[in-house]
Amino acid sequence: MKSEELFDGITGIQDDIIEEAQNTEFIKERTSRKKWFAAAAAFVIVIGAGGVGIRFWRGTTGARSGGFTSYAGPVFPLTLKENADGITASRDLTYDVAPRDPDGDGLTDILATDAYTLQNESDKDRTVTAIVPFAGSFSMMKIPTVKVNGLTSDAGVHAGSYNGYFTGTAGNTGNESTNLSNPKSWEDYKALLSDGSYRAEALENYPELNQPVTVYRFTDPVKPAVGRDSATLAVEFHIDTGATTVFTYGFNGASLDRNGYRRFSFFVPDAGGESDSMRVMIVLGQDIGNYTLKGYQDGSCDSGKEVEGVTATVTRYESTFGEVLYPLVKEHANRYLAGNQSDASLEMYYGALCRFLMQYSAIGSEPKARYAACNLNDLLSDVSNAERVMYLTFPVTIPAHQSVTVEVDSYQAASYHFVGNRRTYGYDMVTKLDTNLTFKSLTASIRNADTAEMIQQNFGFDLTNNITKVELDPENKHYYMEISPAAG
Amino acid sequence: MLFWRREETAIPETDRKYGSFCHRIAMNILSDHEDSEECVNDLYLRVWNNIPPQKPVSLPAYLGRIIRNLSISRYRANRSKKRYGGIERMLSELEDCIPSPENVERAVEAERLSESISDWLRTLDLGDRFLFVRRYWHGDSVSSLAHECGIRPNQMSQRMLRLRKSLKASLEKEEIAL
């Protein structure tokens, strides 16, 4: 079987790659309290492939509360940008629970149809901007569809900031900020959205990054024609850390210290090999001055492993930060978002990165240790994968003393949980969070639940007795259900 | 060194240091405790018999390769009698990486294939390389990797799919047939 040949081929991959994976781990050990940069400097003194003590700082290690192992976020209620005076609403949420694949390894997204009737009780026509929040990430983004009175509405999409928080290596321990911690429950969303500031920022324009920068672009890397190996090119220099910040894109390894030493390195691809990534160093502030290029046998860049004939063309030019970032974002999006069939637009992705840089990077208002190495690939990965609340906006005109219907179809990602070897899926909704509408009627339905077993819920469905539509209390802020593929 | 000196503590020491690593790889492939245990025992016997004269540069890589080979041999011998979920799922996923026959010309030996896969792995960033090796060399499940990364399994599945497609494209570009 051909896949077995491939399996055998993977078995024989080179030792240093296997060693690298052995020596790579998520940060789990406790670090002492330090200033964020000092902690970051210690944290990021890492070597590229082949060295011992590589840190791979992806992942959440914050303490998890009870409930789901991974929480996907609830269905949020529609709200209006303008005041809701004279407008009453009713809401019906229908979950279409498709049969599960028992051999599948991933979560199941289900179709949720959130249907509203907006009634204008006043004597004047009202044209309002409806806002529908939905939770998700750029990497998996599926924009809900909206219909007003049965006609598809072309809604605008606005992305909020990362909606979680940063934590240390063993839960939230003060100033440590090396890991992401996504929302764990609807109450985290409640804390995030209650005062309206998150939504307000999401609907603002993205920041423009007009800072002047000096760019060093590395092209046409070469190495001796001695067969396939791990030849690595490193660029080394010193900076004044108070005057200069260096971001990189397309590099594999980095070594930094608090005294301003910098070494960035990358594996030199074979000539004519797979399309190479862009590689740039972006310098904000004072230029870096002299630098050296040095070739090494492998990514450890260890003394004694230098290799002659490893070099690249370095082009220096001046630009603005935003201008340099755009093509990098485009390349990253083509590589990582296009394959996922994400609906996220390039402009949204670019804007979110700019906002993220101004929030959490070394030049941001709340710099995080996680980004102290200023690696744009890492920042882009986090921007891509970070959970956020996004907002659809669209106009709705409700004539006086009449009503309109608004229907929002979205694929709800499941929150998931393991009970022994059994996988369960959770779906929930919130009823009053960040909405100015008063719901005089609230109902929920579940469809195609023949192959599902209800584990727990507060909706009131009774699948055994075929009670699949229920009336809900609009004053109850949160409804949830946890289901599992029916046993056998 | 202990193997080289033929010291009796070589195997217990290896088991202490790498036993769980080897067990995990075998279990990830076979999903069967008894078969995995037997494979690990076979591993130690082989290593004792092979070193010397062999002198592996990287012991974990060496052990991992042998346990992988022993595990898949066990799978091939028994697949008609038993269901080995771990390897079957991996092989199913790896189907995505098989180059299209109309795009490639030459069959290659296993060593050349391993080289090509290694070269492709080096083009990846650390995170992708790490995840691919953990999934398809160590055999860790998508769910466990997702949990470790703090992302949803669906996101991890998508990331793995992208990597498999990238490997396929790389193999096709090198005109490698399987």
# chains A, B, ... in the order shown; residues from 1 in each chain; ligands from 1
$ residues_around --residues "Val40 of chain B" --least-positions-apart "6" --cutoff "7 Å" --atoms "only C-alpha atoms" --output "PyMOL selection string"
chain B and resi 22-23+67
$ interface_residues --of "chain B" --to "chain A" --cutoff "8 Å" --atoms "only C-alpha atoms" --output "JSON list (two decimals) with N, CA and C atoms, in the first residue's frame"
[["chain", "number", "residue", "atom", "x", "y", "z"],
["B", 57, "VAL", "N", 24.21, 7.60, 15.96],
["B", 57, "VAL", "CA", 24.55, 8.96, 16.38],
["B", 57, "VAL", "C", 23.52, 9.47, 17.38],
["B", 58, "SER", "N", 22.26, 9.15, 17.09],
["B", 58, "SER", "CA", 21.18, 9.61, 17.95],
["B", 58, "SER", "C", 20.41, 8.39, 18.45],
["B", 60, "PRO", "N", 17.72, 8.12, 20.55],
["B", 60, "PRO", "CA", 16.25, 8.17, 20.45],
["B", 60, "PRO", "C", 15.77, 7.98, 19.02],
["B", 61, "ALA", "N", 16.47, 8.58, 18.06],
["B", 61, "ALA", "CA", 16.06, 8.41, 16.66],
["B", 61, "ALA", "C", 16.20, 6.95, 16.26],
["B", 65, "ARG", "N", 13.07, 4.54, 15.29],
["B", 65, "ARG", "CA", 12.94, 3.90, 13.97],
["B", 65, "ARG", "C", 12.68, 2.42, 14.11],
["B", 68, "ARG", "N", 9.17, 1.73, 15.37],
["B", 68, "ARG", "CA", 8.20, 1.98, 14.30],
["B", 68, "ARG", "C", 8.18, 0.79, 13.35],
["B", 69, "ASN", "N", 9.37, 0.33, 12.95],
["B", 69, "ASN", "CA", 9.43, -0.78, 12.01],
["B", 69, "ASN", "C", 8.86, -2.05, 12.61],
["B", 91, "LEU", "N", -2.36, 5.97, 8.31],
["B", 91, "LEU", "CA", -2.21, 5.59, 6.90],
["B", 91, "LEU", "C", -3.30, 6.23, 6.05],
["B", 92, "SER", "N", -4.49, 6.31, 6.61],
["B", 92, "SER", "CA", -5.58, 6.95, 5.88],
["B", 92, "SER", "C", -5.27, 8.41, 5.62],
["B", 94, "LEU", "N", -2.29, 9.73, 5.47],
["B", 94, "LEU", "CA", -1.13, 9.85, 4.58],
["B", 94, "LEU", "C", -1.50, 9.62, 3.12],
["B", 95, "GLU", "N", -2.68, 9.08, 2.86],
["B", 95, "GLU", "CA", -3.14, 8.94, 1.48],
["B", 95, "GLU", "C", -3.16, 10.31, 0.80],
["B", 98, "ILE", "N", 0.07, 11.21, -1.18],
["B", 98, "ILE", "CA", 0.59, 10.39, -2.28],
["B", 98, "ILE", "C", 0.50, 11.17, -3.57],
["B", 110, "ALA", "N", 13.51, 3.79, -0.65],
["B", 110, "ALA", "CA", 13.03, 4.37, 0.60],
["B", 110, "ALA", "C", 13.95, 5.45, 1.12],
["B", 111, "GLU", "N", 15.26, 5.24, 0.94],
["B", 111, "GLU", "CA", 16.21, 6.21, 1.48],
["B", 111, "GLU", "C", 16.05, 7.56, 0.79],
["B", 113, "LEU", "N", 13.36, 8.64, -0.59],
["B", 113, "LEU", "CA", 12.07, 9.20, -0.15],
["B", 113, "LEU", "C", 12.25, 9.89, 1.19],
["B", 114, "SER", "N", 12.97, 9.24, 2.10],
["B", 114, "SER", "CA", 13.20, 9.84, 3.42],
["B", 114, "SER", "C", 13.96, 11.15, 3.29],
["B", 115, "GLU", "N", 14.91, 11.19, 2.40],
["B", 115, "GLU", "CA", 15.67, 12.43, 2.17],
["B", 115, "GLU", "C", 14.75, 13.55, 1.71],
["B", 117, "ILE", "N", 11.55, 13.80, 2.13],
["B", 117, "ILE", "CA", 10.64, 14.22, 3.20],
["B", 117, "ILE", "C", 11.40, 15.09, 4.20],
["B", 118, "SER", "N", 12.64, 14.72, 4.49],
["B", 118, "SER", "CA", 13.45, 15.53, 5.40],
["B", 118, "SER", "C", 13.65, 16.93, 4.83],
["B", 119, "ASP", "N", 13.95, 17.00, 3.55],
["B", 119, "ASP", "CA", 14.16, 18.31, 2.92],
["B", 119, "ASP", "C", 12.90, 19.15, 3.01],
["B", 122, "ARG", "N", 12.37, 20.58, 6.41],
["B", 122, "ARG", "CA", 13.24, 21.71, 6.74],
["B", 122, "ARG", "C", 12.73, 23.03, 6.16],
["B", 123, "THR", "N", 11.84, 22.94, 5.19],
["B", 123, "THR", "CA", 11.28, 24.19, 4.65],
["B", 123, "THR", "C", 10.18, 24.75, 5.55],
["B", 125, "ASP", "N", 8.27, 25.97, 9.15],
["B", 125, "ASP", "CA", 8.71, 26.62, 10.37],
["B", 125, "ASP", "C", 8.70, 25.58, 11.49],
["B", 126, "LEU", "N", 9.29, 25.96, 12.60],
["B", 126, "LEU", "CA", 9.50, 25.00, 13.69],
["B", 126, "LEU", "C", 8.19, 24.36, 14.13],
["B", 127, "GLY", "N", 7.15, 25.18, 14.23],
["B", 127, "GLY", "CA", 5.88, 24.66, 14.72],
["B", 127, "GLY", "C", 5.31, 23.58, 13.81],
["B", 129, "ARG", "N", 6.88, 21.81, 11.58],
["B", 129, "ARG", "CA", 7.77, 20.64, 11.53],
["B", 129, "ARG", "C", 7.56, 19.78, 12.75],
["B", 130, "PHE", "N", 7.51, 20.43, 13.91],
["B", 130, "PHE", "CA", 7.29, 19.73, 15.17],
["B", 130, "PHE", "C", 5.98, 18.96, 15.13],
["B", 133, "VAL", "N", 6.08, 15.87, 12.74],
["B", 133, "VAL", "CA", 6.87, 14.76, 13.29],
["B", 133, "VAL", "C", 6.13, 14.11, 14.45],
["B", 134, "ARG", "N", 5.52, 14.92, 15.28],
["B", 134, "ARG", "CA", 4.77, 14.35, 16.41],
["B", 134, "ARG", "C", 3.59, 13.51, 15.91],
["B", 136, "TYR", "N", 3.12, 12.11, 12.68],
["B", 136, "TYR", "CA", 3.36, 11.01, 11.74],
["B", 136, "TYR", "C", 4.63, 10.22, 12.01],
["B", 137, "TRP", "N", 5.46, 10.68, 12.92],
["B", 137, "TRP", "CA", 6.61, 9.87, 13.31],
["B", 137, "TRP", "C", 6.35, 9.28, 14.70],
["B", 142, "VAL", "N", -4.32, 13.56, 16.82],
["B", 142, "VAL", "CA", -4.67, 14.95, 16.56],
["B", 142, "VAL", "C", -5.27, 15.59, 17.80],
["B", 143, "SER", "N", -6.10, 14.83, 18.49],
["B", 143, "SER", "CA", -6.74, 15.37, 19.69],
["B", 143, "SER", "C", -5.72, 15.73, 20.76],
["B", 148, "GLU", "N", -2.56, 19.80, 23.60],
["B", 148, "GLU", "CA", -1.26, 20.32, 24.01],
["B", 148, "GLU", "C", -1.04, 21.75, 23.50],
["B", 149, "CYS", "N", -1.55, 21.99, 22.30],
["B", 149, "CYS", "CA", -1.39, 23.32, 21.70],
["B", 149, "CYS", "C", -2.44, 24.31, 22.19],
["B", 150, "GLY", "N", -3.47, 23.79, 22.81],
["B", 150, "GLY", "CA", -4.53, 24.68, 23.27],
["B", 150, "GLY", "C", -5.43, 25.17, 22.16],
["B", 151, "ILE", "N", -5.54, 24.38, 21.11],
["B", 151, "ILE", "CA", -6.48, 24.74, 20.05],
["B", 151, "ILE", "C", -7.46, 23.60, 19.86],
["B", 152, "ARG", "N", -8.51, 23.83, 19.11],
["B", 152, "ARG", "CA", -9.51, 22.79, 18.93],
["B", 152, "ARG", "C", -9.02, 21.72, 17.96],
["B", 153, "PRO", "N", -9.40, 20.48, 18.16],
["B", 153, "PRO", "CA", -8.97, 19.42, 17.25],
["B", 153, "PRO", "C", -9.30, 19.71, 15.79],
["B", 154, "ASN", "N", -10.39, 20.40, 15.56],
["B", 154, "ASN", "CA", -10.73, 20.72, 14.18],
["B", 154, "ASN", "C", -9.68, 21.63, 13.57],
["B", 155, "GLN", "N", -9.19, 22.57, 14.36],
["B", 155, "GLN", "CA", -8.12, 23.44, 13.86],
["B", 155, "GLN", "C", -6.85, 22.65, 13.61],
["B", 157, "SER", "N", -6.70, 19.47, 12.88],
["B", 157, "SER", "CA", -6.95, 18.64, 11.70],
["B", 157, "SER", "C", -6.70, 19.44, 10.44],
["B", 158, "GLN", "N", -7.20, 20.67, 10.44],
["B", 158, "GLN", "CA", -7.02, 21.51, 9.26],
["B", 158, "GLN", "C", -5.54, 21.80, 9.02],
["B", 159, "ARG", "N", -4.82, 22.02, 10.11],
["B", 159, "ARG", "CA", -3.40, 22.31, 9.97],
["B", 159, "ARG", "C", -2.67, 21.08, 9.42],
["B", 162, "ARG", "N", -3.32, 20.73, 5.71],
["B", 162, "ARG", "CA", -2.51, 21.66, 4.93],
["B", 162, "ARG", "C", -1.09, 21.11, 4.79],
["B", 170, "SER", "N", 5.30, 18.83, -2.69],
["B", 170, "SER", "CA", 6.75, 18.73, -2.72],
["B", 170, "SER", "C", 7.20, 17.45, -3.40],
["B", 173, "LYS", "N", 6.65, 17.72, -7.09],
["B", 173, "LYS", "CA", 7.64, 18.60, -7.70],
["B", 173, "LYS", "C", 8.95, 17.86, -7.92],
["B", 178, "LEU", "N", 5.13, 6.65, -5.82],
["B", 178, "LEU", "CA", 5.08, 5.60, -4.79],
["B", 178, "LEU", "C", 4.32, 4.39, -5.33]]
$ closest_residue --among "B:Ser31, B:Asn50, B:Phe132, B:Leu63" --to "Tyr84 of chain B" --atoms "only C-alpha atoms"
B:Ser31
$ residues_around --residues "Glu407 of chain A" --least-positions-apart "4" --cutoff "6 Å" --atoms "only C-alpha atoms" --output "MDAnalysis selection string"
chainID A and resid 114:115 146:147
$ select_by_dssp --residues "segment 225-464 of chain A" --states "helix (DSSP H, G or I)" --output "ChimeraX atom specification"
/A:321-336,338-340,346-360,369-371,376-385
$ residues_around --residues "Asp140 of chain B" --least-positions-apart "4" --cutoff "9 Å" --atoms "only C-alpha atoms" --output "list in words"
Arg24, Ile25, Asn28, Ile29, Gly86, Arg134, Arg135, Tyr136, Ser144 and Leu145 of chain B
$ write_last_selection --atoms "N, CA, C and O atoms" --output "PDB file, in the first residue's frame"
ATOM      1  N   ARG B  24       5.164   4.576  23.880  1.00  0.00           N
ATOM      2  CA  ARG B  24       4.164   5.500  23.340  1.00  0.00           C
ATOM      3  C   ARG B  24       4.080   5.371  21.831  1.00  0.00           C
ATOM      4  O   ARG B  24       2.995   5.329  21.255  1.00  0.00           O
ATOM      5  N   ILE B  25       5.240   5.277  21.182  1.00  0.00           N
ATOM      6  CA  ILE B  25       5.221   5.157  19.717  1.00  0.00           C
ATOM      7  C   ILE B  25       4.518   3.864  19.319  1.00  0.00           C
ATOM      8  O   ILE B  25       3.674   3.841  18.417  1.00  0.00           O
ATOM      9  N   ASN B  28       0.813   4.194  19.949  1.00  0.00           N
ATOM     10  CA  ASN B  28       0.187   5.102  18.985  1.00  0.00           C
ATOM     11  C   ASN B  28      -0.082   4.390  17.666  1.00  0.00           C
ATOM     12  O   ASN B  28      -1.047   4.688  16.975  1.00  0.00           O
ATOM     13  N   ILE B  29       0.785   3.438  17.319  1.00  0.00           N
ATOM     14  CA  ILE B  29       0.615   2.721  16.062  1.00  0.00           C
ATOM     15  C   ILE B  29      -0.359   1.563  16.231  1.00  0.00           C
ATOM     16  O   ILE B  29      -1.262   1.365  15.421  1.00  0.00           O
ATOM     17  N   GLY B  86      -4.680   3.090  15.525  1.00  0.00           N
ATOM     18  CA  GLY B  86      -3.738   4.191  15.406  1.00  0.00           C
ATOM     19  C   GLY B  86      -3.090   4.246  14.036  1.00  0.00           C
ATOM     20  O   GLY B  86      -3.127   5.263  13.334  1.00  0.00           O
ATOM     21  N   ARG B 134       5.520  14.919  15.282  1.00  0.00           N
ATOM     22  CA  ARG B 134       4.770  14.346  16.409  1.00  0.00           C
ATOM     23  C   ARG B 134       3.595  13.508  15.910  1.00  0.00           C
ATOM     24  O   ARG B 134       3.257  12.480  16.484  1.00  0.00           O
ATOM     25  N   ARG B 135       2.961  13.970  14.862  1.00  0.00           N
ATOM     26  CA  ARG B 135       1.784  13.221  14.385  1.00  0.00           C
ATOM     27  C   ARG B 135       2.205  11.983  13.606  1.00  0.00           C
ATOM     28  O   ARG B 135       1.690  10.892  13.861  1.00  0.00           O
ATOM     29  N   TYR B 136       3.122  12.105  12.680  1.00  0.00           N
ATOM     30  CA  TYR B 136       3.360  11.006  11.742  1.00  0.00           C
ATOM     31  C   TYR B 136       4.628  10.223  12.014  1.00  0.00           C
ATOM     32  O   TYR B 136       4.819   9.169  11.401  1.00  0.00           O
ATOM     33  N   SER B 144      -4.750  14.852  20.976  1.00  0.00           N
ATOM     34  CA  SER B 144      -3.773  15.126  22.037  1.00  0.00           C
ATOM     35  C   SER B 144      -2.884  16.299  21.640  1.00  0.00           C
ATOM     36  O   SER B 144      -2.536  17.132  22.476  1.00  0.00           O
ATOM     37  N   LEU B 145      -2.535  16.390  20.365  1.00  0.00           N
ATOM     38  CA  LEU B 145      -1.724  17.526  19.933  1.00  0.00           C
ATOM     39  C   LEU B 145      -2.515  18.825  20.059  1.00  0.00           C
ATOM     40  O   LEU B 145      -1.967  19.852  20.447  1.00  0.00           O
TER      41      LEU B 145
END
$ residues_around --residues "segment 468-481 of chain A" --least-positions-apart "5" --cutoff "9 Å" --atoms "only C-alpha atoms" --output "number ranges by chain"
A: 74, 94, 186, 425-433, 438-447, 449, 454-463
$ closest_residue --among "A:His238, A:Arg279, A:Arg91, A:Lys305" --to "Tyr261 of chain A" --atoms "only C-alpha atoms"
A:His238
$ closest_residue --among "B:Glu34, B:Asp15, B:Asp128, B:Glu174" --to "Met156 of chain B" --atoms "only C-alpha atoms"
B:Asp128
$ residues_around --residues "Leu379 of chain A" --least-positions-apart "5" --cutoff "8 Å" --atoms "only C-alpha atoms" --output "list in words"
Leu353, Tyr371 and Cys374 of chain A
$ atom_distance --atom1 "atom CA of Met160 of chain B" --atom2 "atom CA of Asp382 of chain A"
16.8 Å
$ closest_residue --among "A:Asp85, A:Asn375, A:Ser122, A:Ala112" --to "Thr145 of chain A" --atoms "only C-alpha atoms"
A:Ala112
$ select_by_dssp --residues "segment 178-348 of chain A" --states "strand (DSSP E or B)" --output "PyMOL selection string"
chain A and resi 179-181+212-222+232-238+244-249+253-256+261-267+280-285+292-296+306+311-320
$ write_last_selection --atoms "C-alpha atoms" --output "PDB file, in the first residue's frame"
ATOM      1  CA  ASN A 179       0.863  31.659  26.664  1.00  0.00           C
ATOM      2  CA  LEU A 180      -2.529  32.330  25.218  1.00  0.00           C
ATOM      3  CA  SER A 181      -5.582  31.364  27.178  1.00  0.00           C
ATOM      4  CA  PRO A 212       9.521  54.546   9.280  1.00  0.00           C
ATOM      5  CA  VAL A 213      11.514  51.340   9.088  1.00  0.00           C
ATOM      6  CA  THR A 214      14.742  50.069   7.594  1.00  0.00           C
ATOM      7  CA  VAL A 215      14.327  46.760   5.851  1.00  0.00           C
ATOM      8  CA  TYR A 216      16.920  44.077   5.175  1.00  0.00           C
ATOM      9  CA  ARG A 217      15.644  41.619   2.644  1.00  0.00           C
ATOM     10  CA  PHE A 218      17.447  38.299   2.163  1.00  0.00           C
ATOM     11  CA  THR A 219      17.167  36.751  -1.290  1.00  0.00           C
ATOM     12  CA  ASP A 220      18.929  34.167  -3.444  1.00  0.00           C
ATOM     13  CA  PRO A 221      20.425  32.166  -0.575  1.00  0.00           C
ATOM     14  CA  VAL A 222      23.165  29.772  -1.693  1.00  0.00           C
ATOM     15  CA  THR A 232      22.038  27.446   7.785  1.00  0.00           C
ATOM     16  CA  LEU A 233      22.731  31.103   7.216  1.00  0.00           C
ATOM     17  CA  ALA A 234      22.862  33.343  10.259  1.00  0.00           C
ATOM     18  CA  VAL A 235      22.970  37.128  10.504  1.00  0.00           C
ATOM     19  CA  GLU A 236      24.497  38.532  13.681  1.00  0.00           C
ATOM     20  CA  PHE A 237      24.648  42.043  15.073  1.00  0.00           C
ATOM     21  CA  HIS A 238      24.228  44.131  18.180  1.00  0.00           C
ATOM     22  CA  THR A 244      16.008  49.667  18.157  1.00  0.00           C
ATOM     23  CA  THR A 245      13.448  46.932  17.690  1.00  0.00           C
ATOM     24  CA  VAL A 246      13.955  44.260  15.046  1.00  0.00           C
ATOM     25  CA  PHE A 247      11.096  42.187  13.668  1.00  0.00           C
ATOM     26  CA  THR A 248      11.773  39.206  11.429  1.00  0.00           C
ATOM     27  CA  TYR A 249       9.787  37.183   8.949  1.00  0.00           C
ATOM     28  CA  GLY A 253      15.957  30.398  14.491  1.00  0.00           C
ATOM     29  CA  ALA A 254      16.675  33.283  16.825  1.00  0.00           C
ATOM     30  CA  SER A 255      19.041  34.016  19.651  1.00  0.00           C
ATOM     31  CA  LEU A 256      18.705  37.189  21.698  1.00  0.00           C
ATOM     32  CA  TYR A 261      22.980  40.609  20.870  1.00  0.00           C
ATOM     33  CA  ARG A 262      20.881  39.330  17.995  1.00  0.00           C
ATOM     34  CA  ARG A 263      21.320  36.317  15.728  1.00  0.00           C
ATOM     35  CA  PHE A 264      18.634  35.258  13.274  1.00  0.00           C
ATOM     36  CA  SER A 265      19.073  32.204  11.083  1.00  0.00           C
ATOM     37  CA  PHE A 266      17.351  30.163   8.409  1.00  0.00           C
ATOM     38  CA  PHE A 267      17.845  26.887   6.597  1.00  0.00           C
ATOM     39  CA  VAL A 280      13.118  40.175   5.960  1.00  0.00           C
ATOM     40  CA  MET A 281      14.408  41.924   9.014  1.00  0.00           C
ATOM     41  CA  ILE A 282      12.429  45.067   9.778  1.00  0.00           C
ATOM     42  CA  VAL A 283      14.233  47.588  11.929  1.00  0.00           C
ATOM     43  CA  LEU A 284      12.287  50.207  13.865  1.00  0.00           C
ATOM     44  CA  GLY A 285      14.235  53.047  15.356  1.00  0.00           C
ATOM     45  CA  THR A 292      27.934  39.591   9.806  1.00  0.00           C
ATOM     46  CA  LEU A 293      26.655  36.723   7.708  1.00  0.00           C
ATOM     47  CA  LYS A 294      27.893  33.313   8.645  1.00  0.00           C
ATOM     48  CA  GLY A 295      27.119  29.845   7.363  1.00  0.00           C
ATOM     49  CA  TYR A 296      26.751  26.805   9.601  1.00  0.00           C
ATOM     50  CA  GLU A 306      30.903  27.003  10.383  1.00  0.00           C
ATOM     51  CA  THR A 311      25.439  33.320   1.906  1.00  0.00           C
ATOM     52  CA  ALA A 312      22.585  35.401   0.481  1.00  0.00           C
ATOM     53  CA  THR A 313      21.969  38.717  -1.211  1.00  0.00           C
ATOM     54  CA  VAL A 314      20.983  41.342   1.336  1.00  0.00           C
ATOM     55  CA  THR A 315      19.123  44.380   0.097  1.00  0.00           C
ATOM     56  CA  ARG A 316      18.621  47.324   2.397  1.00  0.00           C
ATOM     57  CA  TYR A 317      15.886  49.878   1.847  1.00  0.00           C
ATOM     58  CA  GLU A 318      13.636  52.231   3.759  1.00  0.00           C
ATOM     59  CA  SER A 319       9.877  52.113   3.960  1.00  0.00           C
ATOM     60  CA  THR A 320       7.025  52.270   6.461  1.00  0.00           C
TER      61      THR A 320
END
$ closest_residue --among "B:Leu163, B:Glu172, B:Trp120, B:Leu2" --to "Leu59 of chain B" --atoms "only C-alpha atoms"
B:Leu2
